[in-house]
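Notes for the one structure printed next.
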Amino acid sequence: MSDQTKAAPSSNPTVVDDPYKRLEITLNPNGSLTRNPNRFPSTSATPDPDPTVPVLSKDVIINQTTHTWARVFLPRQKPLDTNKFPLIVYYHAGGFIHCSAASTIFHVFCSNMALELQAIVVSVDYRLAPEHRLPAAYDDAIEALLWIKTTQEEWLAQYANFTTCFVMGSSSGGNIAYHAGIRVAEEADGLRPWKIRGLILHQPFFGGSVKVESELRLVNDPVLPPGVGDLMWELALPIGADRDHEYCNPTTTKGTNLMEKLAAVGWKVLVTGCDGDPLIDRQVELVKSMEEKGVKVVSHFRMGDHHGVDFMQPDKANALFLVLKDFIASATSVTL
């Protein structure tokens, strides 16, 4: 076990100084947030860059009314045979309150993922809380999936294999991927000929009213201390909802009953995490609950590291991509 895992919870845990300052946000009287525009730099899409750039990208509108859109990543080197690229629909991280599909950290991640997995990646830009509390992000996630089914967008129509699709998200995006997956599982037949093969929950963000051991042990975590997570949930959940609402805690009775929908459609689910992340015990519990409900779930939990490490260290991202490659291959071999 890592040193972090062995460490006992502090007998006098400290509370994160000021989560608003840590997140560089100010809550306005009307309930909106003022965010530091420099906290997460953005990168423009590159639809036709220098030929040396290995992955093209472009932005497409999904809904002009809600201002939702997606960034599509396409490997420049096309398949040599008649096979098309698998399709990954991706939801970015940011605690439901930060970032977009244009954020540099996710642009780079998705571009590298498209290259390493030889896949088309559709990174969805969804509405943020608290201006748009949950389930707004889930609604946007579902709308994006339905848009992909009907769109005539050139890159998707020409190069995507719609029978080999995966729904993926990181952190809060993993939460969105999970709930979008459950909701769309009810209408899986309506998606045909589009076929979802599985869900990929990358360090998914979940919580609960009672703190778990990893949250107590890592109360002073420099990346995602529980106090910061608490504020994110306070800003994202429907007003009046507690931390055992099914959006936050999928292991309550109501939450686990929803898992039966995933079991019914036979999709495979991958949950990844690391023991240096305060969320790890939540993720382990999620896997156990899905196993009990008959979901075809596999997990990949690493020692050490921290929340979001795969965005910050290229070698960690490359290791993750190898895990994803194996998962995609195994999920694709299953007949649905």
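Residues in the structure tokens are named by chain (A, B, ... in the order shown) and by number from 1 within that chain; ligands are numbered from 1 in the order shown.
Inside segment 135-242 of chain A, the residues DSSP reads as strand (DSSP E or B) when given the backbone are A:Ala160, A:Asn161, A:Phe162, A:Thr163, A:Thr164, A:Cys165, A:Phe166, A:Val167, A:Met168, A:Gly169, A:Ser170, A:Ile196, A:Arg197, A:Gly198, A:Leu199, A:Ile200, A:Leu201, A:His202.
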Name all residues at most 8 Å from Leu270 of chain A (count only C-alpha atoms; drop same-chain ones fewer than 3 positions away) and give them as a JSON list (two decimals) with N, CA, C and O atoms, in the first residue's frame.
```json
[["chain", "number", "residue", "atom", "x", "y", "z"],
["A", 198, "GLY", "N", -20.30, 0.67, -24.07],
["A", 198, "GLY", "CA", -19.94, 0.73, -22.66],
["A", 198, "GLY", "C", -19.78, 2.15, -22.16],
["A", 198, "GLY", "O", -19.79, 3.12, -22.92],
["A", 199, "LEU", "N", -19.63, 2.25, -20.84],
["A", 199, "LEU", "CA", -19.37, 3.51, -20.15],
["A", 199, "LEU", "C", -17.97, 3.49, -19.58],
["A", 199, "LEU", "O", -17.50, 2.46, -19.07],
["A", 200, "ILE", "N", -17.29, 4.63, -19.65],
["A", 200, "ILE", "CA", -15.95, 4.78, -19.08],
["A", 200, "ILE", "C", -16.01, 5.91, -18.07],
["A", 200, "ILE", "O", -16.17, 7.07, -18.42],
["A", 201, "LEU", "N", -15.90, 5.55, -16.80],
["A", 201, "LEU", "CA", -16.00, 6.52, -15.70],
["A", 201, "LEU", "C", -14.58, 6.75, -15.16],
["A", 201, "LEU", "O", -14.06, 5.93, -14.39],
["A", 202, "HIS", "N", -13.99, 7.85, -15.56],
["A", 202, "HIS", "CA", -12.60, 8.17, -15.24],
["A", 202, "HIS", "C", -12.56, 9.04, -13.99],
["A", 202, "HIS", "O", -12.96, 10.19, -14.02],
["A", 297, "VAL", "N", -19.14, -4.77, -14.82],
["A", 297, "VAL", "CA", -18.24, -3.68, -14.45],
["A", 297, "VAL", "C", -16.84, -4.22, -14.19],
["A", 297, "VAL", "O", -16.66, -5.31, -13.63],
["A", 298, "VAL", "N", -15.85, -3.46, -14.64],
["A", 298, "VAL", "CA", -14.45, -3.74, -14.33],
["A", 298, "VAL", "C", -13.85, -2.46, -13.77],
["A", 298, "VAL", "O", -14.31, -1.35, -14.06],
["A", 299, "SER", "N", -12.83, -2.62, -12.95],
["A", 299, "SER", "CA", -12.20, -1.46, -12.33],
["A", 299, "SER", "C", -10.70, -1.49, -12.55],
["A", 299, "SER", "O", -10.10, -2.55, -12.76],
["A", 300, "HIS", "N", -10.11, -0.30, -12.52],
["A", 300, "HIS", "CA", -8.65, -0.17, -12.61],
["A", 300, "HIS", "C", -8.25, 0.91, -11.61],
["A", 300, "HIS", "O", -8.33, 2.10, -11.91],
["A", 327, "PHE", "N", -9.99, -2.09, -22.72],
["A", 327, "PHE", "CA", -11.42, -2.12, -22.38],
["A", 327, "PHE", "C", -12.27, -2.03, -23.63],
["A", 327, "PHE", "O", -13.25, -2.77, -23.79]]
```
* Asked: What separation in Å, quoted to one decimal, exists between atom CA of Ile105 of chain A and atom CA of Phe321 of chain A?
  -> 16.0 Å
* To do: Might you pull out every residue within 9 Å of segment 135-150 of chain A, with only C-alpha atoms counted and same-chain residues fewer than 5 positions away left off, and present them as a PyMOL selection string?
  => chain A and resi 62-63+66+68-70+89+91+96+124-129+156+162+167+176-177+179-181+183-184+191-194+236-238+247
Based on the selection just made, write N, CA and C atoms of those residues as a compact mmCIF listing (two decimals), in the first residue's frame.
```txt
# COMPACT_ATOMS: atom_id res chain seq x y z
N ILE A 62 -24.74 22.20 -31.07
CA ILE A 62 -25.76 21.19 -30.78
C ILE A 62 -27.12 21.86 -30.59
N ASN A 63 -27.16 22.89 -29.75
CA ASN A 63 -28.42 23.58 -29.47
C ASN A 63 -28.14 25.07 -29.32
N THR A 66 -29.72 26.72 -25.94
CA THR A 66 -29.01 26.49 -24.67
C THR A 66 -27.52 26.77 -24.80
N THR A 68 -25.25 25.02 -26.26
CA THR A 68 -24.41 23.84 -26.10
C THR A 68 -23.79 23.46 -27.44
N TRP A 69 -22.61 22.90 -27.36
CA TRP A 69 -21.87 22.57 -28.56
C TRP A 69 -20.90 21.44 -28.24
N ALA A 70 -20.17 21.00 -29.23
CA ALA A 70 -19.20 19.93 -29.02
C ALA A 70 -17.96 20.19 -29.86
N VAL A 89 -17.83 9.55 -26.82
CA VAL A 89 -18.50 10.79 -26.42
C VAL A 89 -17.99 11.12 -25.02
N TYR A 91 -17.33 13.80 -21.63
CA TYR A 91 -17.78 14.93 -20.82
C TYR A 91 -16.64 15.36 -19.90
N PHE A 96 -18.69 20.43 -12.13
CA PHE A 96 -19.98 20.94 -12.61
C PHE A 96 -20.01 22.46 -12.74
N VAL A 124 -18.22 17.12 -25.31
CA VAL A 124 -19.46 17.88 -25.20
C VAL A 124 -19.30 19.05 -24.23
N ASP A 125 -19.73 20.22 -24.65
CA ASP A 125 -19.76 21.39 -23.77
C ASP A 125 -21.17 21.52 -23.23
N TYR A 126 -21.32 21.35 -21.92
CA TYR A 126 -22.63 21.36 -21.28
C TYR A 126 -22.78 22.59 -20.39
N ARG A 127 -24.00 22.88 -19.99
CA ARG A 127 -24.25 24.04 -19.13
C ARG A 127 -23.73 23.79 -17.71
N LEU A 128 -23.21 24.86 -17.10
CA LEU A 128 -22.58 24.76 -15.80
C LEU A 128 -23.51 25.22 -14.69
N ALA A 129 -23.26 24.68 -13.49
CA ALA A 129 -23.94 25.13 -12.27
C ALA A 129 -23.10 26.27 -11.66
N LEU A 156 -18.29 12.87 -38.62
CA LEU A 156 -18.96 11.75 -37.98
C LEU A 156 -19.59 10.83 -39.01
N PHE A 162 -20.65 3.87 -35.86
CA PHE A 162 -21.73 4.10 -34.91
C PHE A 162 -22.18 2.82 -34.20
N VAL A 167 -19.43 6.00 -23.97
CA VAL A 167 -19.76 7.24 -23.27
C VAL A 167 -18.79 7.36 -22.12
N ILE A 176 -21.58 12.64 -14.95
CA ILE A 176 -22.52 12.93 -16.04
C ILE A 176 -22.64 11.73 -16.97
N ALA A 177 -21.50 11.11 -17.32
CA ALA A 177 -21.53 9.93 -18.19
C ALA A 177 -22.35 8.81 -17.56
N HIS A 179 -24.87 9.05 -15.25
CA HIS A 179 -26.31 9.34 -15.23
C HIS A 179 -26.89 9.41 -16.64
N ALA A 180 -26.12 9.92 -17.58
CA ALA A 180 -26.60 9.93 -18.97
C ALA A 180 -26.74 8.50 -19.48
N GLY A 181 -25.79 7.65 -19.09
CA GLY A 181 -25.85 6.25 -19.50
C GLY A 181 -27.09 5.56 -18.97
N ARG A 183 -29.91 6.97 -18.08
CA ARG A 183 -31.11 7.51 -18.71
C ARG A 183 -31.27 7.02 -20.15
N VAL A 184 -30.19 6.94 -20.88
CA VAL A 184 -30.29 6.53 -22.27
C VAL A 184 -30.45 5.02 -22.38
N LEU A 191 -31.98 4.09 -30.05
CA LEU A 191 -30.75 4.66 -30.59
C LEU A 191 -30.27 3.94 -31.85
N ARG A 192 -30.80 2.75 -32.07
CA ARG A 192 -30.29 1.96 -33.20
C ARG A 192 -30.49 2.70 -34.51
N PRO A 193 -29.53 2.55 -35.47
CA PRO A 193 -28.42 1.59 -35.48
C PRO A 193 -27.20 2.02 -34.66
N TRP A 194 -27.30 3.18 -34.02
CA TRP A 194 -26.22 3.62 -33.14
C TRP A 194 -26.16 2.68 -31.95
N ALA A 236 -24.13 22.60 -7.24
CA ALA A 236 -24.60 21.83 -8.40
C ALA A 236 -25.93 21.13 -8.17
N LEU A 237 -26.16 20.63 -6.96
CA LEU A 237 -27.38 19.86 -6.71
C LEU A 237 -28.62 20.75 -6.76
N PRO A 238 -29.77 20.16 -7.04
CA PRO A 238 -31.01 20.94 -6.97
C PRO A 238 -31.15 21.57 -5.59
N TYR A 247 -28.23 11.89 -7.61
CA TYR A 247 -27.26 12.53 -8.48
C TYR A 247 -25.86 12.47 -7.86
```
* To do: Point out the residue among A:Ile97, A:Ala188, A:Val287, A:Val223 with the least atom-to-atom distance to Ser32 of chain A, counting only C-alpha atoms.
  => A:Ile97
* Pick out each residue of segment 72-177 of chain A that DSSP on the backbone tags as helix (DSSP H, G or I); I need them as a PyMOL selection string. => chain A and resi 104-117+136-150+154-159+172-177
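Interatomic distance, atom CA of Asn36 of chain A against atom CA of Leu224 of chain A: 18.0 Å.
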* Please identify all polymer residues within 8 Å of Leu279 of chain A, counting only C-alpha atoms, omitting same-chain residues fewer than 5 positions from it, and present them as a list in words. =>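 The residues that qualify are Gln203, Pro204, Phe205, Phe206, Gly207, Ser214 and Glu215 of chain A.
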Writer output for current selection, C-alpha atoms, as an mmCIF file, in the first residue's frame:
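Dumped everything to again.cif:
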```cif
data_model
loop_
_atom_site.group_PDB
_atom_site.id
_atom_site.type_symbol
_atom_site.label_atom_id
_atom_site.label_comp_id
_atom_site.auth_asym_id
_atom_site.auth_seq_id
_atom_site.Cartn_x
_atom_site.Cartn_y
_atom_site.Cartn_z
ATOM 1 C CA GLN A 203 -12.098 9.141 -11.573
ATOM 2 C CA PRO A 204 -15.848 9.816 -11.292
ATOM 3 C CA PHE A 205 -17.088 12.445 -8.827
ATOM 4 C CA PHE A 206 -19.615 11.093 -6.310
ATOM 5 C CA GLY A 207 -20.358 11.852 -2.673
ATOM 6 C CA SER A 214 -10.589 8.223 2.120
ATOM 7 C CA GLU A 215 -12.232 11.635 2.499
#
```
* Which of A:Leu286, A:Ile120, A:Ile88, A:Val108 sits closest to Ala157 of chain A [using only C-alpha atoms] -> A:Ile120
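Shell of Thr104 of chain A at 10 Å, with only C-alpha atoms counted and residues fewer than 6 places along the chain excluded, is Phe40, Pro41, Ser42, Thr43, Ser44 and Cys110 of chain A.
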Kindly save the residues from that selection, with N, CA, C and O atoms included, as a PDB file, in the first residue's frame.
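Once everything was written out, this is again_39.pdb:
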```pdb
ATOM      1  N   PHE A  40      -8.512  28.624 -16.160  1.00  0.00           N
ATOM      2  CA  PHE A  40      -8.455  27.513 -17.117  1.00  0.00           C
ATOM      3  C   PHE A  40      -8.366  28.091 -18.528  1.00  0.00           C
ATOM      4  O   PHE A  40      -9.398  28.417 -19.130  1.00  0.00           O
ATOM      5  N   PRO A  41      -7.170  28.244 -19.066  1.00  0.00           N
ATOM      6  CA  PRO A  41      -7.009  28.782 -20.423  1.00  0.00           C
ATOM      7  C   PRO A  41      -7.721  27.921 -21.455  1.00  0.00           C
ATOM      8  O   PRO A  41      -7.955  26.728 -21.242  1.00  0.00           O
ATOM      9  N   SER A  42      -8.063  28.534 -22.564  1.00  0.00           N
ATOM     10  CA  SER A  42      -8.762  27.830 -23.643  1.00  0.00           C
ATOM     11  C   SER A  42      -7.864  27.688 -24.861  1.00  0.00           C
ATOM     12  O   SER A  42      -6.909  28.448 -25.047  1.00  0.00           O
ATOM     13  N   THR A  43      -8.181  26.719 -25.682  1.00  0.00           N
ATOM     14  CA  THR A  43      -7.474  26.464 -26.934  1.00  0.00           C
ATOM     15  C   THR A  43      -8.499  26.418 -28.063  1.00  0.00           C
ATOM     16  O   THR A  43      -9.558  25.793 -27.923  1.00  0.00           O
ATOM     17  N   SER A  44      -8.190  27.060 -29.170  1.00  0.00           N
ATOM     18  CA  SER A  44      -9.095  27.047 -30.319  1.00  0.00           C
ATOM     19  C   SER A  44      -9.006  25.709 -31.038  1.00  0.00           C
ATOM     20  O   SER A  44      -7.983  25.026 -30.999  1.00  0.00           O
ATOM     21  N   CYS A 110      -8.136  15.151 -24.938  1.00  0.00           N
ATOM     22  CA  CYS A 110      -8.974  14.521 -25.955  1.00  0.00           C
ATOM     23  C   CYS A 110      -8.213  14.324 -27.266  1.00  0.00           C
ATOM     24  O   CYS A 110      -8.400  13.313 -27.961  1.00  0.00           O
TER      25      CYS A 110
END
```
* Residues near Ala317 of chain A, cut-off 12 Å, only C-alpha atoms, skip fewer than 3 positions along chain, as a VMD selection string -> chain A and resid 105 to 106 108 to 113 116 to 117 202 305 308 to 314 320 to 324
* To do: Using only C-alpha atoms, find the one residue out of A:Glu234, A:Thr253, A:Leu258, A:Arg243 that sits nearest to Pro19 of chain A.
  =>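 Result for the nearest residue to Pro19 of chain A: A:Glu234.
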* Might you pull out every residue within 8 Å of Lys261 of chain A, with only C-alpha atoms counted and same-chain residues fewer than 5 positions away left off, and present them as number ranges by chain? => A: 182, 185-186
Keeping only N, CA and C atoms, write the selected residues as a PDB file, in the first residue's frame.
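Contents of again_14.pdb, freshly written:
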```pdb
ATOM      1  N   ILE A 182     -27.405   5.807 -17.702  1.00  0.00           N
ATOM      2  CA  ILE A 182     -28.596   5.199 -17.101  1.00  0.00           C
ATOM      3  C   ILE A 182     -29.854   5.674 -17.806  1.00  0.00           C
ATOM      4  N   ALA A 185     -30.056   4.276 -21.333  1.00  0.00           N
ATOM      5  CA  ALA A 185     -30.229   2.825 -21.349  1.00  0.00           C
ATOM      6  C   ALA A 185     -31.703   2.454 -21.455  1.00  0.00           C
ATOM      7  N   GLU A 186     -32.562   3.293 -20.915  1.00  0.00           N
ATOM      8  CA  GLU A 186     -34.000   3.035 -20.994  1.00  0.00           C
ATOM      9  C   GLU A 186     -34.507   3.082 -22.434  1.00  0.00           C
TER      10      GLU A 186
END
```
* What is the atom CA of Ala331 of chain A-atom CA of Arg197 of chain A distance in Å, reported with one decimal? -> 6.0 Å
